[in-house]
Amino acid sequence: MQIEKIYQQLGISPEVYAFGKETEASLRERFARLDEIAEFNQMKVLLAMQKNQVSEDCFGSSSGYGYGDHGRDTLEKVYADVFHTEAALVRPLIACGTHALAIALFGNLRPGEELLAPAGKPYDTLEEVIGIRPSRGSLAEYGVSYRQVDLLADGSFDYENIRRAITPKTKLAAIQRSKGYQTRPSFSVEQIGQLIAFIKDIKPDIICMVDNCYGEFVETIEPGDVGADMVVGSLIKNPGGGLAPIGGYIAGTSDCVENASYRMTCPGLGAEVGASLGVNRSFYQGLFLAPMVTKGALKGAIFAANVYERLGFAVVPDGSEERADIIQAVTLGSREALVAFCKGIQAAAPVDSHVVPEPWDMPGYDSQVIMAAGAFVQGSSIELSADGPCREPYAVYFQGGLTYEHARFGIMKSLQGLVDEGIVKL
Ligand SMILES: *Cc1c(COP(=O)(O)O)cnc(C)c1O
């Protein structure tokens, strides 16, 4: 058959192809549910664009100070409507997700105040922002203290110790929706809402910030719908729809967003300055496509979970669980398997498929990391990508795929790699 032939040309053996097809056949109902979520989110984005009268003149460029950039200001209103918050910053000045989170934190915390992580250790790159690992310019250097309450053994919130950890100093609680480089479960928006309600009940003026990276459009509600004061993420993940070439967003209350704006630029200038340098159209068009792109990535993640679960690997989430983000963790158990998996993902890419990934010492991470990505936008992890820290238990984190078809192919290619290395037998 034609289709098998083209897969063979792409290096997929008939056995791997058949294994993939069989796995996919069991997923029809799951996928139908994802179609419904994406349909809702597509309409939500459309509604926000229509309400704010997005028009051709929003796609113009600004330079220099960027005063009066109508497209930029309108896009921020669209984001605020999509995330159901009062205001938003959506800027190419925000270099990445970590930068967006750092701006939100530095903008809203003052010396002598305390940052609380009520749901365990935050994402690796935030350790240096906070000063958990000593680093120049961290919040710790500016006299902002940090307190962490780990999750209970079953992955749930430790309400008892969260209550004890809240003191008059506690100013901001940082909650991460996605698991990041951990094997804990990711949190649903509803779970995050329960945690926020608990915290606000104890001390209503605590700012609840949600690191929303990888979570956007996975559900029909977002953290802003359940009381988050700030929702923060990266445009080279879900909400950029694969088209944003750079950027981050902070959506939240007018107060929190204004505070953040003075860190994004500087006190006095805030959100008034910041040229959009021609990225507006990609930001809008990417947001418009984001619900569908996220759906493709989610289907890919579910396909991956089911393929590797059938082969006996530990996968988080498991093959049938509800999803809170687009990340799929697969515990591969050895360095060789981790490397073979990532080489397969790299070989599946539309860009740089001929490049062979190797573990390296990546800034911001405390162990070697191997990354596979052949993306149109460097580091874009809404595009097909996989990465994993080279340490026990050698878990790989797989995410993205601008289309489901491509994500599925990537997984077949990773499996082919493990089969070819003799690590997996079909
Ligand atoms: C990706 C990610 C970040 C950091 O984003 P970068 O764009 O890599 O700086 C922060 N938190 C979570 C949960 C993430 O997935």
# chains A, B, ... in the order shown; residues from 1 in each chain; ligands from 1
>>> residues_near_ligand(ligand="ligand 1", cutoff="10 Å", atoms="only C-alpha atoms and all ligand atoms", output="MDAnalysis selection string")
chainID A and resid 94:102 122:126 175:182 186 210:215 232:237 246:248 325:327 364 379:382
>>> select_by_dssp(residues="stretch 80-300 of chain A", states="helix (DSSP H, G or I)", output="PyMOL selection string")
chain A and resi 80-82+97-108+126-130+140-142+159-165+189-202+223-226+238-240+254-264+270-272+280-300
>>> residues_around(residues="A:Glu160", least_positions_apart="5", cutoff="12 Å", atoms="only C-alpha atoms", output="ChimeraX atom specification")
/A:118,149-152,165-166,195,198-199,202
>>> closest_residue(among="A:Ile6, A:Ile302, A:Cys58, A:Val82", to="A:Arg281", atoms="only C-alpha atoms")
A:Cys58
>>> closest_atom_pairs(of="stretch 235-287 of chain A", to="stretch 104-107 of chain A", cutoff="12 Å", atoms="only C-alpha atoms", output="CSV")
residue,atom,partner,partner_atom,distance
A:Gly248,CA,A:Ala104,CA,11.0
A:Tyr249,CA,A:Ala104,CA,9.7
A:Ile250,CA,A:Ala104,CA,7.1
A:Ala251,CA,A:Ala104,CA,9.8
A:Gly252,CA,A:Ala104,CA,10.0
A:Thr253,CA,A:Ala104,CA,11.7
A:Asp255,CA,A:Gly107,CA,10.4
A:Cys256,CA,A:Ala104,CA,7.7
A:Val257,CA,A:Ala104,CA,7.7
A:Glu258,CA,A:Gly107,CA,8.4
A:Asn259,CA,A:Gly107,CA,5.0
A:Ala260,CA,A:Gly107,CA,4.3
A:Ser261,CA,A:Gly107,CA,7.3
A:Tyr262,CA,A:Gly107,CA,6.6
A:Arg263,CA,A:Gly107,CA,5.3
A:Met264,CA,A:Gly107,CA,8.1
A:Thr265,CA,A:Gly107,CA,10.4
A:Cys266,CA,A:Gly107,CA,9.9
A:Pro267,CA,A:Gly107,CA,9.8
A:Gly270,CA,A:Gly107,CA,10.5
>>> write_last_selection(atoms="C-alpha atoms", output="PDB file, in the first residue's frame")
ATOM      1  CA  GLY A 248       5.858  35.321  26.569  1.00  0.00           C
ATOM      2  CA  TYR A 249       2.665  36.443  28.239  1.00  0.00           C
ATOM      3  CA  ILE A 250       1.461  37.464  31.663  1.00  0.00           C
ATOM      4  CA  ALA A 251      -2.332  37.645  32.027  1.00  0.00           C
ATOM      5  CA  GLY A 252      -3.859  38.699  35.311  1.00  0.00           C
ATOM      6  CA  THR A 253      -5.388  41.379  37.459  1.00  0.00           C
ATOM      7  CA  ASP A 255      -2.599  45.510  39.453  1.00  0.00           C
ATOM      8  CA  CYS A 256      -0.394  42.458  39.023  1.00  0.00           C
ATOM      9  CA  VAL A 257       0.064  43.059  35.304  1.00  0.00           C
ATOM     10  CA  GLU A 258       0.954  46.698  35.877  1.00  0.00           C
ATOM     11  CA  ASN A 259       3.508  45.714  38.535  1.00  0.00           C
ATOM     12  CA  ALA A 260       4.977  43.189  36.120  1.00  0.00           C
ATOM     13  CA  SER A 261       5.136  45.791  33.344  1.00  0.00           C
ATOM     14  CA  TYR A 262       7.564  47.894  35.404  1.00  0.00           C
ATOM     15  CA  ARG A 263       9.934  44.958  35.507  1.00  0.00           C
ATOM     16  CA  MET A 264       9.432  44.080  31.860  1.00  0.00           C
ATOM     17  CA  THR A 265      10.622  47.578  30.895  1.00  0.00           C
ATOM     18  CA  CYS A 266      11.214  49.884  33.861  1.00  0.00           C
ATOM     19  CA  PRO A 267       9.409  51.898  36.532  1.00  0.00           C
ATOM     20  CA  GLY A 270       5.776  49.932  32.010  1.00  0.00           C
TER      21      GLY A 270
END
>>> residues_around(residues="A:Gln368", least_positions_apart="2", cutoff="6 Å", atoms="only C-alpha atoms", output="number ranges by chain")
A: 359-361, 389-390
>>> residues_around(residues="A:Asp318", least_positions_apart="6", cutoff="12 Å", atoms="only C-alpha atoms", output="PDB file with C-alpha atoms, in the first residue's frame")
ATOM      1  CA  THR A 183       7.357  12.530  37.382  1.00  0.00           C
ATOM      2  CA  ARG A 184       4.558  13.934  39.545  1.00  0.00           C
ATOM      3  CA  PRO A 185       1.149  14.308  37.904  1.00  0.00           C
ATOM      4  CA  SER A 186       0.283  17.635  36.297  1.00  0.00           C
ATOM      5  CA  ALA A 301       1.145  12.563  23.718  1.00  0.00           C
ATOM      6  CA  ILE A 302      -1.712  10.108  24.225  1.00  0.00           C
ATOM      7  CA  PHE A 303      -0.482   8.004  21.335  1.00  0.00           C
ATOM      8  CA  ALA A 304       3.011   7.971  22.887  1.00  0.00           C
ATOM      9  CA  ALA A 305       1.647   6.968  26.288  1.00  0.00           C
ATOM     10  CA  ASN A 306      -0.243   4.066  24.794  1.00  0.00           C
ATOM     11  CA  VAL A 307       2.603   2.858  22.599  1.00  0.00           C
ATOM     12  CA  TYR A 308       5.115   2.825  25.466  1.00  0.00           C
ATOM     13  CA  GLU A 309       2.664   1.507  28.022  1.00  0.00           C
ATOM     14  CA  ARG A 310       1.946  -1.475  25.773  1.00  0.00           C
ATOM     15  CA  GLY A 312       5.904  -2.183  29.499  1.00  0.00           C
ATOM     16  CA  ILE A 327       3.904  16.633  28.123  1.00  0.00           C
ATOM     17  CA  GLN A 328       4.360  12.900  28.116  1.00  0.00           C
ATOM     18  CA  ALA A 329       6.957  11.379  30.408  1.00  0.00           C
ATOM     19  CA  VAL A 330       8.283   7.925  29.606  1.00  0.00           C
ATOM     20  CA  THR A 331      10.672   6.306  32.049  1.00  0.00           C
TER      21      THR A 331
END
>>> residues_around(residues="A:Leu139", least_positions_apart="2", cutoff="9 Å", atoms="only C-alpha atoms", output="list in words")
Leu105, Phe106, Leu109, Pro111, Glu128, Val129, Ile130, Gly131, Gly137, Glu141, Tyr142, Gly143, Val144, Ser145 and Tyr146 of chain A
>>> write_last_selection(atoms="all heavy atoms", output="mmCIF file, in the first residue's frame")
data_model
loop_
_atom_site.group_PDB
_atom_site.id
_atom_site.type_symbol
_atom_site.label_atom_id
_atom_site.label_comp_id
_atom_site.auth_asym_id
_atom_site.auth_seq_id
_atom_site.Cartn_x
_atom_site.Cartn_y
_atom_site.Cartn_z
ATOM 1 N N LEU A 105 7.357 37.613 38.975
ATOM 2 C CA LEU A 105 7.795 37.490 40.371
ATOM 3 C C LEU A 105 8.479 38.771 40.854
ATOM 4 O O LEU A 105 8.106 39.346 41.884
ATOM 5 C CB LEU A 105 8.751 36.302 40.524
ATOM 6 C CG LEU A 105 8.128 34.910 40.339
ATOM 7 C CD1 LEU A 105 9.223 33.835 40.285
ATOM 8 C CD2 LEU A 105 7.145 34.598 41.459
ATOM 9 N N PHE A 106 9.477 39.225 40.105
ATOM 10 C CA PHE A 106 10.207 40.422 40.530
ATOM 11 C C PHE A 106 9.295 41.643 40.574
ATOM 12 O O PHE A 106 9.484 42.535 41.392
ATOM 13 C CB PHE A 106 11.391 40.692 39.589
ATOM 14 C CG PHE A 106 12.635 39.933 39.945
ATOM 15 C CD1 PHE A 106 12.961 38.748 39.299
ATOM 16 C CD2 PHE A 106 13.508 40.411 40.920
ATOM 17 C CE1 PHE A 106 14.116 38.044 39.613
ATOM 18 C CE2 PHE A 106 14.667 39.712 41.247
ATOM 19 C CZ PHE A 106 14.970 38.521 40.595
ATOM 20 N N LEU A 109 6.953 41.125 43.982
ATOM 21 C CA LEU A 109 7.512 40.837 45.307
ATOM 22 C C LEU A 109 8.454 41.964 45.741
ATOM 23 O O LEU A 109 9.143 42.552 44.904
ATOM 24 C CB LEU A 109 8.280 39.511 45.274
ATOM 25 C CG LEU A 109 7.399 38.251 45.240
ATOM 26 C CD1 LEU A 109 8.176 37.061 44.686
ATOM 27 C CD2 LEU A 109 6.858 37.927 46.635
ATOM 28 N N PRO A 111 11.325 43.391 48.967
ATOM 29 C CA PRO A 111 12.225 42.893 50.019
ATOM 30 C C PRO A 111 11.465 42.635 51.326
ATOM 31 O O PRO A 111 10.594 43.417 51.704
ATOM 32 C CB PRO A 111 13.237 44.025 50.186
ATOM 33 C CG PRO A 111 13.265 44.700 48.856
ATOM 34 C CD PRO A 111 11.859 44.600 48.325
ATOM 35 N N GLU A 128 17.241 29.324 39.921
ATOM 36 C CA GLU A 128 18.185 30.444 39.949
ATOM 37 C C GLU A 128 17.478 31.788 40.033
ATOM 38 O O GLU A 128 18.022 32.751 40.579
ATOM 39 C CB GLU A 128 19.122 30.374 38.743
ATOM 40 C CG GLU A 128 20.155 29.281 38.950
ATOM 41 C CD GLU A 128 20.939 28.945 37.704
ATOM 42 O OE1 GLU A 128 20.334 28.398 36.765
ATOM 43 O OE2 GLU A 128 22.144 29.233 37.670
ATOM 44 N N VAL A 129 16.289 31.870 39.488
ATOM 45 C CA VAL A 129 15.501 33.114 39.612
ATOM 46 C C VAL A 129 15.181 33.355 41.085
ATOM 47 O O VAL A 129 15.348 34.459 41.609
ATOM 48 C CB VAL A 129 14.189 33.008 38.794
ATOM 49 C CG1 VAL A 129 13.283 34.203 39.068
ATOM 50 C CG2 VAL A 129 14.488 32.891 37.298
ATOM 51 N N ILE A 130 14.764 32.292 41.761
ATOM 52 C CA ILE A 130 14.364 32.406 43.164
ATOM 53 C C ILE A 130 15.591 32.479 44.075
ATOM 54 O O ILE A 130 15.582 33.165 45.098
ATOM 55 C CB ILE A 130 13.480 31.188 43.552
ATOM 56 C CG1 ILE A 130 12.185 31.193 42.726
ATOM 57 C CG2 ILE A 130 13.162 31.195 45.045
ATOM 58 C CD1 ILE A 130 11.393 29.886 42.802
ATOM 59 N N GLY A 131 16.651 31.763 43.677
ATOM 60 C CA GLY A 131 17.837 31.693 44.518
ATOM 61 C C GLY A 131 17.885 30.411 45.342
ATOM 62 O O GLY A 131 18.608 30.326 46.332
ATOM 63 N N GLY A 137 21.717 38.079 41.204
ATOM 64 C CA GLY A 137 20.503 38.782 40.793
ATOM 65 C C GLY A 137 19.222 38.053 41.156
ATOM 66 O O GLY A 137 18.141 38.444 40.719
ATOM 67 N N GLU A 141 18.800 37.422 46.620
ATOM 68 C CA GLU A 141 19.737 38.546 46.776
ATOM 69 C C GLU A 141 19.018 39.846 47.088
ATOM 70 O O GLU A 141 19.589 40.741 47.689
ATOM 71 C CB GLU A 141 20.579 38.728 45.505
ATOM 72 C CG GLU A 141 21.815 37.863 45.469
ATOM 73 C CD GLU A 141 22.838 38.362 44.454
ATOM 74 O OE1 GLU A 141 22.524 39.289 43.663
ATOM 75 O OE2 GLU A 141 23.943 37.804 44.451
ATOM 76 N N TYR A 142 17.767 39.957 46.623
ATOM 77 C CA TYR A 142 16.987 41.166 46.894
ATOM 78 C C TYR A 142 16.161 41.044 48.170
ATOM 79 O O TYR A 142 15.266 41.840 48.412
ATOM 80 C CB TYR A 142 16.072 41.481 45.701
ATOM 81 C CG TYR A 142 16.821 42.068 44.524
ATOM 82 C CD1 TYR A 142 17.336 41.254 43.525
ATOM 83 C CD2 TYR A 142 17.039 43.439 44.445
ATOM 84 C CE1 TYR A 142 18.042 41.779 42.457
ATOM 85 C CE2 TYR A 142 17.740 43.988 43.378
ATOM 86 C CZ TYR A 142 18.239 43.149 42.384
ATOM 87 O OH TYR A 142 18.945 43.678 41.330
ATOM 88 N N GLY A 143 16.438 40.023 48.955
ATOM 89 C CA GLY A 143 15.781 39.926 50.257
ATOM 90 C C GLY A 143 14.380 39.342 50.215
ATOM 91 O O GLY A 143 13.588 39.553 51.138
ATOM 92 N N VAL A 144 14.077 38.599 49.152
ATOM 93 C CA VAL A 144 12.785 37.903 49.105
ATOM 94 C C VAL A 144 13.044 36.449 49.513
ATOM 95 O O VAL A 144 13.844 35.756 48.882
ATOM 96 C CB VAL A 144 12.167 37.961 47.686
ATOM 97 C CG1 VAL A 144 10.915 37.094 47.616
ATOM 98 C CG2 VAL A 144 11.857 39.397 47.300
ATOM 99 N N SER A 145 12.402 36.020 50.565
ATOM 100 C CA SER A 145 12.646 34.658 51.035
ATOM 101 C C SER A 145 11.713 33.672 50.334
ATOM 102 O O SER A 145 10.757 34.075 49.661
ATOM 103 C CB SER A 145 12.483 34.577 52.550
ATOM 104 O OG SER A 145 11.183 35.012 52.917
ATOM 105 N N TYR A 146 12.031 32.406 50.505
ATOM 106 C CA TYR A 146 11.327 31.356 49.756
ATOM 107 C C TYR A 146 10.995 30.199 50.684
ATOM 108 O O TYR A 146 11.802 29.806 51.515
ATOM 109 C CB TYR A 146 12.234 30.859 48.631
ATOM 110 C CG TYR A 146 11.728 29.623 47.912
ATOM 111 C CD1 TYR A 146 10.640 29.703 47.053
ATOM 112 C CD2 TYR A 146 12.339 28.378 48.109
ATOM 113 C CE1 TYR A 146 10.172 28.574 46.390
ATOM 114 C CE2 TYR A 146 11.876 27.252 47.455
ATOM 115 C CZ TYR A 146 10.797 27.354 46.595
ATOM 116 O OH TYR A 146 10.333 26.232 45.943
#
>>> atom_distance(atom1="atom CA of A:Arg408", atom2="atom CA of A:Glu421")
20.2 Å
>>> atom_distance(atom1="atom CA of A:Glu113", atom2="atom CA of A:Lys169")
5.0 Å
>>> atom_distance(atom1="atom CA of A:Gln8", atom2="atom CA of A:Gly319")
26.8 Å
>>> closest_residue(among="A:Gly344, A:Pro350, A:Gly300, A:Gly422", to="A:Ala407", atoms="only C-alpha atoms")
A:Gly300
>>> closest_atom_pairs(of="stretch 140-252 of chain A", to="stretch 370-376 of chain A", cutoff="9 Å", atoms="only C-alpha atoms", output="Markdown table")
| residue | atom | partner | partner_atom | distance |
| --- | --- | --- | --- | --- |
| A:Gly242 | CA | A:Phe376 | CA | 8.3 |
| A:Leu243 | CA | A:Phe376 | CA | 8.8 |
| A:Pro245 | CA | A:Phe376 | CA | 8.6 |
>>> residues_around(residues="A:Ser334", least_positions_apart="2", cutoff="12 Å", atoms="only C-alpha atoms", output="PyMOL selection string")
chain A and resi 313+330-332+336-341+388-396+418+423
>>> select_by_dssp(residues="stretch 205-268 of chain A", states="strand (DSSP E or B)", output="list in words")
Ile207, Cys208, Met209, Val210, Asp211, Met230, Val231, Val232, Gly233, Ser234, Gly248, Tyr249, Ile250, Ala251 and Gly252 of chain A
>>> closest_residue(among="A:Asn238, A:Ser188, A:Asn52, A:Asn161", to="A:Gly401", atoms="only C-alpha atoms")
A:Asn238
>>> closest_residue(among="A:Val226, A:Ala244, A:Thr85, A:Val90", to="A:Phe288", atoms="only C-alpha atoms")
A:Ala244
